[in-house]
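Report on the structure given below.
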Amino acid sequence: MSEKILIISTSPRRGGSMERLCDVLEEEIRKNGKQAERLNVNDWNIHPCTGCDSCRESGECIQQDDMKVILEAMQAADAVVFASPIYFYNMSGQMKVLLDRTYPICGCAGFQKAAFIAACSDQDIRAFDTAAAGFEEYLCCLDEVKNGGEVLVPAACDCKKIPEDKLEAVRRLGREL
Ligand SMILES: Cc1cc2nc3c(=O)[nH]c(=O)nc-3n(C[C@H](O)[C@H](O)[C@H](O)COP(=O)(O)O)c2cc1C
C-alpha cells in the first residue's frame, strides 16, 4: 500500500492562493505514486476546544462534531500537511481551532510527519514568523511527529501570480514527504 498524505486546508476562500498551492501539492504527491487526500476544514462543523480535559482521560473529545472524522483521517495518514493563510500575522483562526482539537491524539497522532504551507499578501517573509513558530511548537507537543518542512509564500494575493520558485518548493515538498 502506498503512503498516504493528508492535506488539510484551513483557508475559507475558494479559488484563492491556498487552494492553488494545495492543488499543486496534491498533483505532485499523486505523480510520485503516493495517495493524496484533501480536506478543507471549512466544509466541516468543528467547534473550538472547550478545555474540559476529558480527552486526557478518555482519549476522546466530548463534543459531537465533525472533528472525529478529521482525527480519523489524520491518524490513518502517514503525513499531514497543514495549509493556512496568514491572518493578522498568525495562522488562520480555523487552523488554530483545528490544532487545539487534536489534543486527544497528542502522543498517538498516528502520522509520522507534518508539514506547513502558508501564504500571505505581504512581501516580507517576517509576516510568517509567528505562525511558523507556533506550528513548530505544536509539533513538539505531538512528540513522535517529525517536521517534514514548510513552504512560506509571500506576495500571494493573486493565485495566478504565485512565483514559480514557490510552486516548485511546494512540488519538492510533495516529493519529499
Ligand atoms: C482577516 C485577514 C487577515 C489578513 N492578515 C494578513 C496579514 O497579517 N499579513 C499578510 O501579509 N496578509 C494578510 N492577509 C492576506 C492573506 O493572508 C492572503 O490574501 C492569503 O493569500 C489568503 O489566502 P487565500 O488566497 O487562500 O484566501 C489577511 C487576510 C484576511 C482575510
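Chain lettering (A, B, ...) mirrors the order of the C-alpha cells, residue numbering begins at 1 for each chain separately, and ligand numbering begins at 1 in order of display.
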
Long-range neighbours of A:Arg101 as a short mmCIF file (atom, residue, chain, number, x, y, z; two decimals) with C-alpha atoms, in the first residue's frame, 8 Å cut-off, only C-alpha atoms, 5 positions minimum in chain:
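File selection.cif, as written:
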data_model
loop_
_atom_site.label_atom_id
_atom_site.label_comp_id
_atom_site.auth_asym_id
_atom_site.auth_seq_id
_atom_site.Cartn_x
_atom_site.Cartn_y
_atom_site.Cartn_z
CA PRO A 48 -13.33 25.23 19.37
CA CYS A 49 -11.82 23.18 22.21
CA MET A 67 -13.61 16.67 14.29
#

Original post:
Which protein, DNA or RNA residues have an atom within 9 Å of ligand 1, counting only C-alpha atoms and all ligand atoms, as a PyMOL selection string?
Top reply: chain A and resi 9-21+83-92+118-125+127-128+153-159

Filtering to C-alpha atoms, could you give me those residues as a PDB file, in the first residue's frame?
ATOM      1  CA  SER A   9      -6.534  23.413   4.050  1.00  0.00           C
ATOM      2  CA  THR A  10      -7.820  25.958   6.510  1.00  0.00           C
ATOM      3  CA  SER A  11      -8.490  28.770   4.045  1.00  0.00           C
ATOM      4  CA  PRO A  12     -12.175  29.680   3.844  1.00  0.00           C
ATOM      5  CA  ARG A  13     -11.677  31.219   0.400  1.00  0.00           C
ATOM      6  CA  ARG A  14     -12.262  29.078  -2.641  1.00  0.00           C
ATOM      7  CA  GLY A  15     -10.185  29.742  -5.745  1.00  0.00           C
ATOM      8  CA  GLY A  16      -7.550  31.590  -3.717  1.00  0.00           C
ATOM      9  CA  SER A  17      -3.821  31.125  -3.266  1.00  0.00           C
ATOM     10  CA  MET A  18      -4.114  28.369  -0.696  1.00  0.00           C
ATOM     11  CA  GLU A  19      -6.341  26.347  -2.967  1.00  0.00           C
ATOM     12  CA  ARG A  20      -3.873  26.729  -5.851  1.00  0.00           C
ATOM     13  CA  LEU A  21      -0.925  25.703  -3.649  1.00  0.00           C
ATOM     14  CA  ALA A  83      -2.171  24.803   4.939  1.00  0.00           C
ATOM     15  CA  SER A  84      -3.082  28.231   6.252  1.00  0.00           C
ATOM     16  CA  PRO A  85      -3.398  31.798   5.034  1.00  0.00           C
ATOM     17  CA  ILE A  86      -1.781  34.363   7.302  1.00  0.00           C
ATOM     18  CA  TYR A  87      -4.402  36.338   9.168  1.00  0.00           C
ATOM     19  CA  PHE A  88      -3.082  39.244  11.218  1.00  0.00           C
ATOM     20  CA  TYR A  89       0.448  37.833  11.296  1.00  0.00           C
ATOM     21  CA  ASN A  90      -0.638  34.467  12.563  1.00  0.00           C
ATOM     22  CA  MET A  91      -2.163  31.219  11.332  1.00  0.00           C
ATOM     23  CA  SER A  92      -5.863  31.380  10.448  1.00  0.00           C
ATOM     24  CA  ALA A 118       1.282  29.310   4.434  1.00  0.00           C
ATOM     25  CA  ALA A 119       0.536  32.272   2.171  1.00  0.00           C
ATOM     26  CA  CYS A 120       0.189  35.961   2.826  1.00  0.00           C
ATOM     27  CA  SER A 121      -0.147  39.212   0.884  1.00  0.00           C
ATOM     28  CA  ASP A 122       2.865  40.910   2.464  1.00  0.00           C
ATOM     29  CA  GLN A 123       6.187  40.820   0.582  1.00  0.00           C
ATOM     30  CA  ASP A 124       8.094  40.479   3.855  1.00  0.00           C
ATOM     31  CA  ILE A 125       8.881  36.921   4.896  1.00  0.00           C
ATOM     32  CA  ALA A 127       4.942  38.007   8.214  1.00  0.00           C
ATOM     33  CA  PHE A 128       5.205  34.219   8.764  1.00  0.00           C
ATOM     34  CA  VAL A 153       4.606  32.074   0.170  1.00  0.00           C
ATOM     35  CA  PRO A 154       4.666  35.872   0.481  1.00  0.00           C
ATOM     36  CA  ALA A 155       3.013  38.265  -2.008  1.00  0.00           C
ATOM     37  CA  ALA A 156       0.289  35.706  -2.679  1.00  0.00           C
ATOM     38  CA  CYS A 157      -2.774  37.972  -3.114  1.00  0.00           C
ATOM     39  CA  ASP A 158      -3.291  36.767  -6.650  1.00  0.00           C
ATOM     40  CA  CYS A 159      -3.255  32.999  -7.009  1.00  0.00           C
TER      41      CYS A 159
END

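The space separating atom CA of A:Gly149 from atom CA of A:Asn42 comes to 24.0 Å.
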
Subject >> DSSP strand (DSSP E) residues within stretch 37-130 of chain A, listed as a count of residues only >> reply: 22

**OP:** For A:Thr50, list every protein, DNA or RNA residue within 10 Å, evaluated using only C-alpha atoms, and leave out those in the same chain fewer than 2 positions away; present the list as a ChimeraX atom specification.
**Re:** /A:47-48,52-54,61-63,100-101

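Shortest separation to A:Leu152 among A:Glu176, A:Asp78, A:Cys140, A:Asp165 occurs at residue A:Asp165, atoms counted being only C-alpha atoms.
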
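Closest to A:Phe111 among A:Glu28, A:Glu3, A:Asp23, A:Asp65 is A:Glu3, based on only C-alpha atoms.
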
**OP:** Would you please give, as a PyMOL selection string, all residues of chain A that DSSP assigns to alpha helix (DSSP H) based on the backbone?
**Re:** chain A and resi 17-31+54-58+67-76+93-100+129-141+164-176

Original post:
In terms of the shortest atom-to-atom distance over only C-alpha atoms, which of A:Arg175, A:Ala36, A:Glu164, A:Glu150 is closest to A:Asp129?
Top reply: A:Glu150

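Ranking A:Leu173, A:Ile46, A:Ala73, A:Ala79 by their shortest atom-to-atom distance to A:Lys4, with only C-alpha atoms included, puts A:Ala79 first.
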
Subject >> Residues near A:Arg56, cut-off 12 Å, only C-alpha atoms, skip fewer than 6 positions along chain, as a ChimeraX atom specification >> reply: /A:62,102-108
